[in-house]
Every structure is written in C-alpha cells, then in structure tokens.
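Asks: Got data25.tsv for you, TSV, C-alpha atoms:
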chain	number	residue	atom	x	y	z
A	1	MET	CA	-57.87	-10.86	-13.96
A	2	ALA	CA	-54.68	-12.48	-12.68
A	3	ASP	CA	-52.49	-10.06	-14.63
A	4	ASP	CA	-54.44	-7.11	-13.29
A	5	LEU	CA	-54.10	-8.40	-9.72
A	6	LEU	CA	-50.34	-8.83	-10.15
A	7	ALA	CA	-49.99	-5.32	-11.59
A	8	ARG	CA	-52.00	-3.73	-8.77
A	9	HIS	CA	-50.02	-5.63	-6.14
A	10	ARG	CA	-46.77	-4.59	-7.80
A	11	ARG	CA	-47.83	-0.91	-7.75
A	12	ALA	CA	-48.58	-1.24	-4.06
A	13	LEU	CA	-45.16	-2.79	-3.44
A	14	VAL	CA	-43.41	0.00	-5.34
A	15	LYS	CA	-44.84	2.56	-2.93
A	16	ARG	CA	-43.17	0.76	-0.05
A	17	PHE	CA	-40.17	-0.73	-1.87
A	18	PRO	CA	-39.20	1.27	-4.97
A	19	VAL	CA	-36.94	-1.53	-6.19
A	20	TYR	CA	-40.02	-3.36	-7.44
A	21	GLY	CA	-40.26	-0.70	-10.12
A	22	LEU	CA	-37.76	-2.79	-12.07
A	23	PHE	CA	-40.65	-5.15	-12.86
A	24	ASP	CA	-42.37	-2.31	-14.74
A	25	ALA	CA	-39.37	-2.35	-17.07
A	26	VAL	CA	-39.47	-6.12	-17.37
A	27	GLU	CA	-43.20	-6.37	-18.04
A	28	SER	CA	-43.11	-3.64	-20.68
A	29	SER	CA	-40.21	-5.20	-22.56
A	30	ALA	CA	-42.39	-7.26	-24.94
A	31	LEU	CA	-39.84	-10.08	-24.97
A	32	PRO	CA	-40.76	-13.74	-25.63
A	33	SER	CA	-42.31	-15.68	-22.76
A	34	ASP	CA	-39.24	-17.83	-22.08
A	35	ALA	CA	-37.04	-14.75	-21.84
A	36	LEU	CA	-39.60	-13.03	-19.61
A	37	ALA	CA	-39.59	-16.01	-17.25
A	38	ALA	CA	-35.82	-15.82	-16.87
A	39	LEU	CA	-35.92	-12.05	-16.42
A	40	ARG	CA	-38.63	-12.28	-13.77
A	41	SER	CA	-36.64	-14.87	-11.84
A	42	ASP	CA	-33.49	-12.75	-11.79
A	43	ALA	CA	-35.46	-9.56	-11.12
A	44	ALA	CA	-37.17	-11.20	-8.16
A	45	ARG	CA	-33.82	-12.16	-6.66
A	46	VAL	CA	-32.44	-8.64	-7.20
A	47	ALA	CA	-35.51	-7.16	-5.52
A	48	GLU	CA	-35.34	-9.58	-2.60
A	49	LEU	CA	-31.68	-8.74	-1.97
A	50	ALA	CA	-32.41	-5.02	-2.12
A	51	VAL	CA	-35.30	-5.29	0.31
A	52	ALA	CA	-33.46	-7.61	2.68
A	53	HIS	CA	-30.53	-5.20	2.94
A	54	GLU	CA	-32.67	-2.04	2.92
A	55	LEU	CA	-30.98	-0.66	-0.19
A	56	ASP	CA	-32.23	2.41	-1.99
A	57	GLY	CA	-34.19	0.73	-4.76
A	58	ALA	CA	-35.09	3.88	-6.66
A	59	PRO	CA	-32.33	3.53	-9.30
A	60	ALA	CA	-33.24	-0.10	-10.06
A	61	GLU	CA	-35.91	0.61	-12.68
A	62	ALA	CA	-33.65	2.86	-14.75
A	63	CYS	CA	-30.87	0.30	-14.49
A	64	ALA	CA	-33.24	-2.46	-15.59
A	65	ARG	CA	-34.36	-0.45	-18.62
A	66	ALA	CA	-30.72	0.03	-19.62
A	67	LEU	CA	-30.14	-3.72	-19.37
A	68	LEU	CA	-33.20	-4.39	-21.51
A	69	ALA	CA	-31.93	-2.25	-24.40
A	70	GLY	CA	-31.14	-5.32	-26.50
A	71	GLY	CA	-32.64	-8.56	-27.71
A	72	ALA	CA	-33.87	-11.43	-25.59
A	73	ASP	CA	-30.52	-13.21	-25.29
A	74	THR	CA	-28.68	-9.99	-24.47
A	75	SER	CA	-31.22	-8.91	-21.88
A	76	THR	CA	-31.32	-12.26	-20.09
A	77	ALA	CA	-27.51	-12.45	-20.00
A	78	ARG	CA	-27.33	-8.95	-18.53
A	79	PHE	CA	-29.98	-9.63	-15.88
A	80	ALA	CA	-28.27	-12.88	-14.87
A	81	ALA	CA	-24.93	-11.08	-14.45
A	82	TRP	CA	-26.64	-8.29	-12.49
A	83	ARG	CA	-28.15	-10.82	-10.13
A	84	ARG	CA	-24.86	-12.75	-9.75
A	85	THR	CA	-23.00	-9.55	-8.94
A	86	LEU	CA	-25.44	-8.58	-6.20
A	87	GLU	CA	-25.28	-12.08	-4.77
A	88	ALA	CA	-21.47	-12.03	-4.80
A	89	ALA	CA	-21.40	-8.62	-3.10
A	90	ASP	CA	-23.81	-9.78	-0.36
A	91	PRO	CA	-23.66	-8.88	2.55
A	92	ASP	CA	-21.65	-5.72	1.78
A	93	ARG	CA	-24.41	-3.12	1.47
A	94	PRO	CA	-22.34	-0.32	-0.16
A	95	GLY	CA	-21.06	-2.70	-2.81
A	96	MET	CA	-24.53	-4.06	-3.44
A	97	ALA	CA	-25.89	-0.52	-3.75
A	98	LEU	CA	-23.30	0.30	-6.41
A	99	ALA	CA	-24.23	-2.78	-8.43
A	100	LEU	CA	-27.94	-2.13	-8.04
A	101	GLY	CA	-27.79	1.39	-9.42
A	102	LEU	CA	-24.77	1.48	-11.73
A	103	PHE	CA	-24.64	-1.89	-13.46
A	104	GLY	CA	-26.25	-0.53	-16.61
A	105	HIS	CA	-23.81	2.37	-16.74
A	106	TRP	CA	-20.83	0.03	-16.47
A	107	LEU	CA	-22.04	-1.85	-19.53
A	108	SER	CA	-22.27	1.38	-21.52
A	109	VAL	CA	-18.62	2.26	-20.91
A	110	ALA	CA	-17.13	-0.50	-23.05
A	111	PRO	CA	-19.92	-1.97	-25.21
A	112	ALA	CA	-17.51	-3.92	-27.42
A	113	ALA	CA	-16.22	-5.79	-24.37
A	114	GLU	CA	-19.60	-6.48	-22.75
A	115	ALA	CA	-19.42	-10.28	-22.77
A	116	PRO	CA	-16.18	-10.48	-20.73
A	117	LEU	CA	-17.56	-7.91	-18.28
A	118	LEU	CA	-20.76	-9.91	-17.79
A	119	ALA	CA	-18.75	-13.07	-17.22
A	120	GLY	CA	-16.23	-11.51	-14.88
A	121	ILE	CA	-17.63	-8.64	-12.84
A	122	ALA	CA	-19.15	-10.83	-10.14
A	123	GLY	CA	-15.60	-11.95	-9.39
A	124	ILE	CA	-14.70	-8.51	-8.05
A	125	ALA	CA	-18.03	-7.92	-6.30
A	126	PRO	CA	-16.52	-8.34	-2.81
A	127	VAL	CA	-14.37	-5.21	-3.35
A	128	LEU	CA	-16.89	-2.96	-5.14
A	129	ALA	CA	-17.35	-0.83	-2.03
A	130	GLU	CA	-13.59	-0.34	-1.63
A	131	LEU	CA	-13.23	0.62	-5.26
A	132	LYS	CA	-16.17	3.01	-5.03
A	133	ALA	CA	-17.90	4.27	-8.15
A	134	ASP	CA	-14.82	5.87	-9.69
A	135	GLY	CA	-12.63	2.84	-9.06
A	136	VAL	CA	-15.11	0.43	-10.60
A	137	LEU	CA	-15.36	2.74	-13.59
A	138	ASP	CA	-11.56	2.66	-13.91
A	139	VAL	CA	-11.57	-1.14	-13.84
A	140	VAL	CA	-14.31	-1.35	-16.48
A	141	THR	CA	-12.69	1.27	-18.70
A	142	VAL	CA	-9.16	-0.17	-18.58
A	143	ALA	CA	-10.32	-3.77	-19.04
A	144	GLY	CA	-12.68	-2.80	-21.83
A	145	SER	CA	-9.99	-1.06	-23.84
A	146	ALA	CA	-7.42	-3.88	-23.51
A	147	PRO	CA	-6.70	-6.33	-26.34
A	148	ASP	CA	-7.99	-9.29	-24.28
A	149	PRO	CA	-10.55	-8.09	-21.71
A	150	ALA	CA	-11.54	-11.63	-20.73
A	151	ALA	CA	-8.02	-12.41	-19.50
A	152	LEU	CA	-8.03	-9.28	-17.36
A	153	TRP	CA	-11.40	-10.05	-15.81
A	154	THR	CA	-10.22	-13.58	-15.03
A	155	ALA	CA	-7.06	-12.26	-13.37
A	156	ALA	CA	-8.98	-9.61	-11.42
A	157	GLY	CA	-11.49	-12.20	-10.26
A	158	ALA	CA	-8.68	-14.34	-8.87
A	159	TYR	CA	-7.81	-11.43	-6.56
A	160	GLY	CA	-11.44	-10.42	-6.03
A	161	SER	CA	-11.41	-11.27	-2.34
A	162	THR	CA	-8.27	-9.25	-1.54
A	163	ASP	CA	-8.87	-5.49	-1.71
A	164	GLY	CA	-9.86	-2.83	-4.19
A	165	ALA	CA	-6.40	-1.38	-4.72
A	166	THR	CA	-5.02	-4.81	-5.57
A	167	VAL	CA	-7.79	-5.53	-8.08
A	168	LEU	CA	-7.25	-2.17	-9.78
A	169	GLY	CA	-3.50	-2.81	-9.80
A	170	ILE	CA	-4.02	-6.20	-11.46
A	171	ILE	CA	-6.18	-4.64	-14.16
A	172	ARG	CA	-3.67	-1.87	-14.88
A	173	LEU	CA	-0.69	-4.23	-14.91
A	174	GLY	CA	-2.53	-6.71	-17.09
A	175	ALA	CA	-3.49	-4.04	-19.61
A	176	ARG	CA	0.12	-2.86	-19.80
A	177	ALA	CA	1.38	-6.42	-20.14
A	178	GLN	CA	-0.96	-7.02	-23.06
A	179	SER	CA	0.13	-3.79	-24.75
A	180	TRP	CA	3.75	-5.00	-24.35
A	181	ASP	CA	2.83	-8.41	-25.78
A	182	GLN	CA	3.71	-9.99	-22.43
A	183	PRO	CA	0.48	-11.78	-21.47
A	184	ALA	CA	2.36	-14.20	-19.19
A	185	LEU	CA	3.36	-11.38	-16.84
A	186	LEU	CA	0.20	-11.79	-14.74
A	187	ASP	CA	0.82	-15.53	-14.48
A	188	ARG	CA	4.29	-14.78	-13.20
A	189	LEU	CA	2.87	-12.31	-10.68
A	190	ARG	CA	0.31	-14.82	-9.47
A	191	VAL	CA	3.08	-17.35	-8.80
A	192	ALA	CA	5.19	-14.75	-6.98
A	193	LEU	CA	2.29	-13.47	-4.88
A	194	PRO	CA	-0.86	-15.61	-5.08
A	195	PRO	CA	-4.09	-14.11	-3.74
A	196	GLU	CA	-3.99	-16.14	-0.54
A	197	ARG	CA	-0.59	-14.67	0.36
A	198	THR	CA	-1.43	-10.99	-0.05
A	199	ASP	CA	-2.37	-10.72	3.62
A	200	GLU	CA	0.80	-12.34	4.95
A	201	SER	CA	2.47	-8.98	5.58
A	202	ARG	CA	1.90	-5.29	5.10
A	203	ASP	CA	4.37	-5.25	2.19
A	204	ALA	CA	2.65	-8.20	0.52
A	205	GLU	CA	-0.70	-6.44	0.84
A	206	ARG	CA	0.64	-3.30	-0.81
A	207	PHE	CA	2.94	-4.81	-3.42
A	208	ILE	CA	0.60	-5.14	-6.41
A	209	PRO	CA	-0.75	-1.56	-6.23
A	210	ALA	CA	2.83	-0.31	-5.76
A	211	LEU	CA	4.05	-2.37	-8.72
A	212	ALA	CA	1.33	-0.91	-10.93
A	213	ALA	CA	2.20	2.63	-9.81
A	214	PHE	CA	5.92	2.02	-10.41
A	215	GLY	CA	5.17	0.76	-13.89
A	216	GLU	CA	3.03	3.80	-14.69
A	217	ARG	CA	5.70	6.18	-13.40
A	218	ALA	CA	8.29	4.49	-15.59
A	219	VAL	CA	5.97	4.46	-18.63
A	220	ALA	CA	5.90	8.25	-18.40
A	221	LEU	CA	9.54	8.06	-19.53
A	222	GLY	CA	8.90	5.43	-22.22
A	223	GLN	CA	7.37	2.00	-22.80
A	224	ALA	CA	10.76	0.29	-22.47
A	225	HIS	CA	11.16	1.97	-19.09
A	226	GLY	CA	7.83	0.58	-17.94
A	227	GLN	CA	8.71	-2.95	-19.01
A	228	ALA	CA	12.10	-2.76	-17.30
A	229	ALA	CA	10.64	-1.32	-14.09
A	230	VAL	CA	7.93	-3.96	-13.72
A	231	ALA	CA	10.37	-6.77	-14.56
A	232	LEU	CA	12.85	-5.46	-11.98
A	233	ALA	CA	10.40	-5.21	-9.08
A	234	LEU	CA	8.75	-8.52	-9.94
A	235	THR	CA	12.09	-10.33	-10.12
A	236	LEU	CA	12.98	-9.08	-6.64
A	237	ALA	CA	9.52	-9.96	-5.29
A	238	GLU	CA	9.97	-13.52	-6.53
A	239	ASN	CA	12.93	-13.72	-4.14
A	240	HIS	CA	11.59	-11.52	-1.35
A	241	VAL	CA	8.30	-9.63	-1.49
A	242	SER	CA	9.51	-6.81	0.74
A	243	SER	CA	12.46	-6.17	-1.59
A	244	GLY	CA	10.10	-5.93	-4.54
A	245	TYR	CA	7.87	-3.57	-2.61
A	246	SER	CA	10.82	-1.36	-1.61
A	247	VAL	CA	11.89	-0.97	-5.22
A	248	ALA	CA	8.33	-0.37	-6.42
A	249	THR	CA	7.93	2.48	-3.92
A	250	ASP	CA	11.40	4.02	-3.53
A	251	GLY	CA	12.22	3.42	-7.18
A	252	ARG	CA	9.73	6.11	-8.20
A	253	ARG	CA	11.75	8.68	-6.27
A	254	VAL	CA	14.94	7.49	-7.96
A	255	LEU	CA	13.39	7.88	-11.42
A	256	ASP	CA	12.20	11.39	-10.55
A	257	ALA	CA	15.84	12.50	-10.33
A	258	MET	CA	16.92	10.98	-13.66
A	259	ASP	CA	16.59	11.88	-17.31
A	260	ALA	CA	15.00	9.27	-19.59
A	261	VAL	CA	18.28	7.91	-21.00
A	262	THR	CA	19.88	7.43	-17.59
A	263	ALA	CA	16.68	6.01	-16.15
A	264	LEU	CA	16.51	3.25	-18.77
A	265	ALA	CA	20.18	2.37	-18.21
A	266	TYR	CA	19.56	2.28	-14.46
A	267	LEU	CA	16.47	0.06	-14.71
A	268	GLU	CA	18.18	-2.36	-17.07
A	269	ASP	CA	21.35	-2.51	-14.96
A	270	PHE	CA	19.47	-2.95	-11.71
A	271	GLY	CA	17.42	-5.65	-13.41
A	272	ARG	CA	20.56	-7.45	-14.51
A	273	LEU	CA	21.81	-7.49	-10.93
A	274	ALA	CA	18.42	-8.62	-9.65
A	275	ASP	CA	18.48	-11.52	-12.11
A	276	THR	CA	21.96	-12.65	-11.10
A	277	VAL	CA	22.37	-11.62	-7.46
A	278	GLY	CA	18.81	-11.61	-6.15
A	279	ALA	CA	17.16	-9.66	-3.36
A	280	ARG	CA	20.38	-8.89	-1.48
A	281	VAL	CA	21.24	-6.28	-4.15
A	282	THR	CA	18.17	-4.18	-3.29
A	283	GLY	CA	19.95	-1.73	-0.99
A	284	PHE	CA	22.81	-1.20	-3.43
A	285	GLY	CA	20.38	-0.72	-6.30
A	286	LEU	CA	18.34	1.91	-4.51
A	287	LYS	CA	21.03	3.79	-2.60
A	288	THR	CA	24.36	3.43	-4.41
A	289	LEU	CA	23.75	2.59	-8.05
A	290	PRO	CA	21.82	5.78	-8.96
A	291	GLY	CA	24.77	7.93	-7.93
A	292	LEU	CA	27.29	6.06	-10.06
A	293	TYR	CA	25.93	7.32	-13.40
A	294	PRO	CA	26.57	11.03	-12.82
A	295	LYS	CA	29.86	10.37	-11.00
A	296	HIS	CA	31.48	7.84	-13.33
A	297	GLY	CA	29.44	8.12	-16.52
A	298	ALA	CA	26.92	5.71	-17.99
A	299	ALA	CA	29.40	3.65	-20.03
A	300	ARG	CA	31.76	2.90	-17.14
A	301	THR	CA	28.89	2.27	-14.72
A	302	ARG	CA	27.22	-0.15	-17.10
A	303	ALA	CA	30.46	-2.01	-17.65
A	304	PHE	CA	30.88	-2.25	-13.88
A	305	VAL	CA	27.36	-3.67	-13.44
A	306	GLN	CA	27.91	-6.19	-16.23
A	307	ALA	CA	31.14	-7.30	-14.57
A	308	ALA	CA	29.36	-7.72	-11.22
A	309	ALA	CA	26.68	-9.84	-12.90
A	310	SER	CA	29.37	-11.98	-14.55
A	311	VAL	CA	31.02	-12.51	-11.16
A	312	ALA	CA	27.64	-13.64	-9.75
A	313	GLU	CA	27.18	-16.13	-12.57
A	314	ALA	CA	30.72	-17.47	-12.19
A	315	TYR	CA	31.25	-17.45	-8.44
A	316	GLY	CA	27.94	-16.78	-6.72
A	317	THR	CA	26.17	-13.94	-4.96
A	318	THR	CA	28.66	-13.38	-2.14
A	319	ALA	CA	31.49	-12.90	-4.62
A	320	ALA	CA	29.29	-10.52	-6.59
A	321	GLN	CA	28.50	-8.51	-3.48
A	322	TRP	CA	32.21	-8.08	-2.76
A	323	PHE	CA	32.59	-6.84	-6.33
A	324	TYR	CA	29.75	-4.29	-6.46
A	325	GLU	CA	30.70	-3.05	-2.99
A	326	ARG	CA	34.22	-2.55	-4.41
A	327	LYS	CA	35.98	-4.57	-1.77
A	328	THR	CA	38.58	-5.85	-4.21
A	329	GLU	CA	41.17	-3.89	-6.12
A	330	VAL	CA	39.96	-5.11	-9.51
A	331	ALA	CA	36.46	-3.82	-8.79
A	332	ARG	CA	37.77	-0.45	-7.66
A	333	ASP	CA	40.01	-0.15	-10.70
A	334	LEU	CA	37.20	-0.97	-13.13
A	335	LEU	CA	34.92	1.75	-11.82
A	336	GLY	CA	37.62	4.26	-11.06
A	337	ALA	CA	37.96	6.70	-8.21
Using the file provided, produce a representation of the structure as structure tokens.

Replies:
Amino acid sequence: MADDLLARHRRALVKRFPVYGLFDAVESSALPSDALAALRSDAARVAELAVAHELDGAPAEACARALLAGGADTSTARFAAWRRTLEAADPDRPGMALALGLFGHWLSVAPAAEAPLLAGIAGIAPVLAELKADGVLDVVTVAGSAPDPAALWTAAGAYGSTDGATVLGIIRLGARAQSWDQPALLDRLRVALPPERTDESRDAERFIPALAAFGERAVALGQAHGQAAVALALTLAENHVSSGYSVATDGRRVLDAMDAVTALAYLEDFGRLADTVGARVTGFGLKTLPGLYPKHGAARTRAFVQAAASVAEAYGTTAAQWFYERKTEVARDLLGA
C-alpha cells in the first residue's frame, strides 16, 4: 500500500516537475536496499535543486539511467558526484542545467578515468556555464586522456572559482606538462600566479589561457618548441605577469614568421635571456631578437645571446642590457654590422 501510494504520488509530481522522473530510474534499478537508500537521498537533493531553480528536468531521467549502468558501488559514487556538482554550481542556473542533463555523457567520454572525474568535477562547477557544453567536453576529454587525470582535476579545481578559459588552460597545460614528463610545471605556475591573484589585473586574468595557446602554437612546430615556449613565458611571468602575458600573446605572431629551426633557436635564446636578465628583456626579445637571425645568421646571433647572458651572470642585468642593446664596442663587434 505504501509503495503504491509513493509511486502514484511520484507520477503526479512528474507531470508537474519532470525531474522526478529520475526516481523511476532509481526504483527500477533492482539494487540492494542500502544502495537504494543512498541513491534516493542524492536523487532527492538533485530534484529539489532542479525544482528550486526551475530547471528543465526532462533530461534527468535519461541521465540517471546512464549513471545506474553499473553495480551498486559505481552507481552510488556517480549519484553522489552528480549531486555534489549541482550543489557546487548553485546558484548558477545555466551551469546547473548542464550538470543535470549532461553528467552521464561526460562519464562516457573517458570511462577509464571515471574515478578522477567523479572526485574532481565539482571543483570546476562554478565555471560550467562559462565553459558551456563544448568546453566542459574539452576538459573531460583532455583530462581523461592524460597520464595522470587526478592531478589535472586537482589543479583545475584549484582554479575552479576563476573563469572557464583559465580552467581549460590549466587542463591543457597540465596535459602537455605530463606528456613532457614535467609534472611540476603546474606547481610552478600556481606559485607564479595563484588563483586568488588572477583577478589582480587584466593581464593576470588572461595569462593562463594565453600561455596554453602559446604552448599549442609552438607545439605545432615541435614538442621541444612547446616546452621552450611555455618555459619562456612562465619564467617572465614569475618576474612580471604582464611580461609573461606579452610574450604569450605577441610571441605567437613572432613564431608565425619563422621556420621550425629558427623558431627553436629563438625560443631557447630568449629563454636564456629571461633566465639571466629577467622581465626587462621582454621588449628586446619580442621586437629586436627575431630580426637578428635572418640578418646575422643563427650561429652569430646565438653566440651574441650567450655572451649577453654571461654578462648578466657576471655583472648584473644593467650590464647585460648595455650589451644586448649594443652600447659597447665589444658587443657591436661580436654581432657585426
């Protein structure tokens, strides 16, 4: 009698609030009673959030059935993560709507990396709406195909309250860093620009997406190019975020005008100057250095850069600046007319 009353009441609710259709999936799952209790609790919270925010609940039942396509432990873990993600997205209705309808699809994209996704996706819930469906799919796909998805979800979650472009940039940079066997790169980035500082300036806000784009542009020339490009911009950002941002944006245009061999020499040379001179070399690196390779040849230009770096190590950055700006006769003689 009680079960029949509950079922009839649920059918009446579904007519008014389609989200309650997810309970049809739960009740027909034939899972053990303890698992059912946990599922009902999470399902009730999901339904309450959907009703409270007037979300379109129609996709919820299909999503629930996708989450239930596993054993008791798998299903309860999925429902708990679904509920946590909706709670973390609250009160952002577009983000909540994405999680309500697409959570099951996200799990299907990278099934081998499901556990890290379930543990981490609530961390980026505040930016789901900014990412939109395609952006979330990119995050899930890139993280799921990385050697260590859990590390990427942890890093993305740390920036989960910033913006969608930054989260996607973190995921892309992290995946590249893992493929380069440089897992500490994201730790270095977090020290250079922690989440709480991304809103300090317009350049700080845009740096991480620009860094990721710079790395991808350089990777098109070769993996070594990508590593050198990211290291260069990050080194400058550690000194001055705006300098790192300038290189990450304008550096793409510089690479467009170079062949692969010259581009790698340029990135490595600029990186050497960034390591020894710091942010003050940014203007020279973007405006003057690219033109030295075709004018003086790669060998002579590289020798000139190495000499400038040696001056910086021996006498400091001001002395190095006088050298790379060719304000002394020895510098002019080394590079030639």

Asks: If we draw a sphere of 12 Å around (-22.8, -11.4, 0.1), which residues have at least one atom in it when counting only C-alpha atoms? Please report them as a PyMOL selection string.

Replies: chain A and resi 49-50+52-53+83-97+122-128+161

Asks: Would you please work out which residue, of A:Arg190, A:His240, A:Arg326, A:Arg272, is nearest to A:Thr288 when using all atoms listed in the file?

Replies: A:Arg326

Asks: Any idea what's packed within 12 Å of stretch 108-112 of chain A, counting only C-alpha atoms, ignoring anything in its chain fewer than 5 positions away? Could you give it as a short mmCIF file (atom, residue, chain, number, x, y, z; two decimals) with C-alpha atoms, in the frame of the given file?

Replies:
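File out-v3.cif, as written:
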data_model
loop_
_atom_site.label_atom_id
_atom_site.label_comp_id
_atom_site.auth_asym_id
_atom_site.auth_seq_id
_atom_site.Cartn_x
_atom_site.Cartn_y
_atom_site.Cartn_z
CA CYS A 63 -30.87 0.30 -14.49
CA ALA A 66 -30.72 0.03 -19.62
CA LEU A 67 -30.14 -3.72 -19.37
CA ALA A 69 -31.93 -2.25 -24.40
CA GLY A 70 -31.14 -5.32 -26.50
CA THR A 74 -28.68 -9.99 -24.47
CA ARG A 78 -27.33 -8.95 -18.53
CA LEU A 102 -24.77 1.48 -11.73
CA PHE A 103 -24.64 -1.89 -13.46
CA LEU A 117 -17.56 -7.91 -18.28
CA LEU A 118 -20.76 -9.91 -17.79
CA VAL A 136 -15.11 0.43 -10.60
CA LEU A 137 -15.36 2.74 -13.59
CA ASP A 138 -11.56 2.66 -13.91
CA VAL A 139 -11.57 -1.14 -13.84
CA VAL A 140 -14.31 -1.35 -16.48
CA THR A 141 -12.69 1.27 -18.70
CA VAL A 142 -9.16 -0.17 -18.58
CA ALA A 143 -10.32 -3.77 -19.04
CA GLY A 144 -12.68 -2.80 -21.83
CA SER A 145 -9.99 -1.06 -23.84
CA ALA A 146 -7.42 -3.88 -23.51
CA PRO A 147 -6.70 -6.33 -26.34
CA ASP A 148 -7.99 -9.29 -24.28
CA PRO A 149 -10.55 -8.09 -21.71
CA ALA A 150 -11.54 -11.63 -20.73
#

Asks: Using all atoms of stretch 165-177 of chain A that appear in the file, construct an axis-aligned enclosing box with 6 Å of padding on every side and provide its centre coordinates and edge lengths in Å, rounded to one decimal, as lines of an AutoDock Vina configuration file.

Replies:
center_x = -3.2
center_y = -4.0
center_z = -12.4
size_x = 21.2
size_y = 17.3
size_z = 27.4

Asks: Show which residues sit within 8 Å of stretch 210-223 of chain A, as a ChimeraX atom specification. Count only C-alpha atoms, and ignore same-chain residues fewer than 4 positions away.

Replies: /A:169-170,172-173,206,227,229-230,233-234,245,248-249,251-252,255,260

Asks: Which polymer residues have any atom within 8 Å of an atom of A:Arg65, counting all atoms listed in the file, with same-chain residues fewer than 5 positions away left out, as a PyMOL selection string?

Replies: chain A and resi 22+25-26

Asks: Rank nothing, just name the residue among A:Trp153, A:Tyr315, A:Phe17, A:Tyr324 nearest to A:Gly283, using all atoms listed in the file.

Replies: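 The answer is A:Tyr324, which sits nearest to A:Gly283.
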
Asks: A:Trp322, A:Phe270, A:Phe284, A:Phe207: which is nearest A:Ala192, counting all atoms listed in the file?

Replies: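 Smallest distance to A:Ala192 is found for A:Phe207.
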
Asks: As an exercise, work out the distance from atom CA of A:Gly101 to atom CA of A:Ala60 in Å and give it to one decimal place.

Replies: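 Going from atom CA of A:Gly101 over to atom CA of A:Ala60, I get 5.7 Å.
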
Asks: Would you list the residues near (-37.4, -0.8, -9.2) (no more than 7 Å away, in the coordinates of the file, using all atoms listed in the file) as a list in words?

Replies: Pro18, Val19, Tyr20, Gly21, Leu22, Phe23, Gly57, Ala58, Pro59, Ala60 and Glu61 of chain A

Asks: Considering only C-alpha atoms, state which residue in the set A:Ala303, A:Pro294, A:Glu27, A:Asp275 is at the smallest distance from A:Thr317.

Replies: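 Comparing A:Ala303, A:Pro294, A:Glu27, A:Asp275 against A:Thr317, the winner is A:Asp275.
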
Asks: As a list in words, please: the residues near A:Ala265 (cut-off 8 Å, all atoms listed in the file, same-chain neighbours under 4 positions excluded).

Replies: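 Within the cut-off, the hits are Val261, Asp269, Ala298 and Arg302 of chain A.
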
Asks: Enter the distance from atom CA of A:Arg8 to atom CA of A:Phe79, in Å, rounded to one decimal.

Replies: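 Separating atom CA of A:Arg8 from atom CA of A:Phe79 is a distance of 23.9 Å.
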
Asks: Atom CA of A:Val51 and atom CA of A:Ala80 are how many Å apart?

Replies: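 Computing it gives 18.4 Å between the two atoms.
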
Asks: Quick one: everything within 10 Å of A:Thr76, counting all atoms listed in the file, minus sequence neighbours fewer than 3 positions away in the same chain. Send it as a PyMOL selection string.

Replies: chain A and resi 34-40+42+67-68+70-73+79-82

Asks: Smallest atom-to-atom distance to A:Ile121: which of A:Gly174, A:Leu107, A:Ala43, A:Glu325, using all atoms listed in the file?

Replies: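 The closest residue to A:Ile121 is A:Leu107.
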
Asks: With N, CA and C atoms as the target, complete stretch 57-74 of chain A and hand it back as a compact mmCIF listing (two decimals), keeping the file's coordinate frame.

Replies:
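Output contents, as saved in selection-v4.txt:
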# COMPACT_ATOMS: atom_id res chain seq x y z
N GLY A 57 -33.80 1.40 -3.53
CA GLY A 57 -34.19 0.73 -4.76
C GLY A 57 -34.61 1.64 -5.88
N ALA A 58 -34.60 2.94 -5.65
CA ALA A 58 -35.09 3.88 -6.66
C ALA A 58 -34.36 3.78 -8.00
N PRO A 59 -33.02 3.58 -8.00
CA PRO A 59 -32.33 3.53 -9.30
C PRO A 59 -32.54 2.22 -10.06
N ALA A 60 -33.18 1.23 -9.45
CA ALA A 60 -33.24 -0.10 -10.06
C ALA A 60 -34.01 -0.11 -11.37
N GLU A 61 -35.11 0.64 -11.45
CA GLU A 61 -35.91 0.61 -12.68
C GLU A 61 -35.13 1.16 -13.87
N ALA A 62 -34.44 2.29 -13.66
CA ALA A 62 -33.65 2.86 -14.75
C ALA A 62 -32.53 1.91 -15.16
N CYS A 63 -31.92 1.27 -14.18
CA CYS A 63 -30.87 0.30 -14.49
C CYS A 63 -31.44 -0.86 -15.29
N ALA A 64 -32.61 -1.35 -14.88
CA ALA A 64 -33.24 -2.46 -15.59
C ALA A 64 -33.55 -2.08 -17.03
N ARG A 65 -34.05 -0.88 -17.25
CA ARG A 65 -34.36 -0.45 -18.62
C ARG A 65 -33.10 -0.39 -19.48
N ALA A 66 -31.99 0.02 -18.88
CA ALA A 66 -30.72 0.03 -19.62
C ALA A 66 -30.30 -1.39 -20.00
N LEU A 67 -30.51 -2.33 -19.09
CA LEU A 67 -30.14 -3.72 -19.37
C LEU A 67 -31.04 -4.35 -20.42
N LEU A 68 -32.24 -3.83 -20.56
CA LEU A 68 -33.20 -4.39 -21.51
C LEU A 68 -33.08 -3.79 -22.90
N ALA A 69 -32.11 -2.91 -23.10
CA ALA A 69 -31.93 -2.25 -24.40
C ALA A 69 -31.16 -3.18 -25.34
N GLY A 70 -31.75 -4.33 -25.62
CA GLY A 70 -31.14 -5.32 -26.50
C GLY A 70 -32.14 -6.42 -26.74
N GLY A 71 -31.75 -7.45 -27.46
CA GLY A 71 -32.64 -8.56 -27.71
C GLY A 71 -32.83 -9.45 -26.50
N ALA A 72 -33.55 -10.53 -26.70
CA ALA A 72 -33.87 -11.43 -25.59
C ALA A 72 -32.62 -12.05 -24.98
N ASP A 73 -31.74 -12.57 -25.82
CA ASP A 73 -30.52 -13.21 -25.29
C ASP A 73 -29.65 -12.21 -24.54
N THR A 74 -29.50 -11.02 -25.11
CA THR A 74 -28.68 -9.99 -24.47
C THR A 74 -29.27 -9.59 -23.13
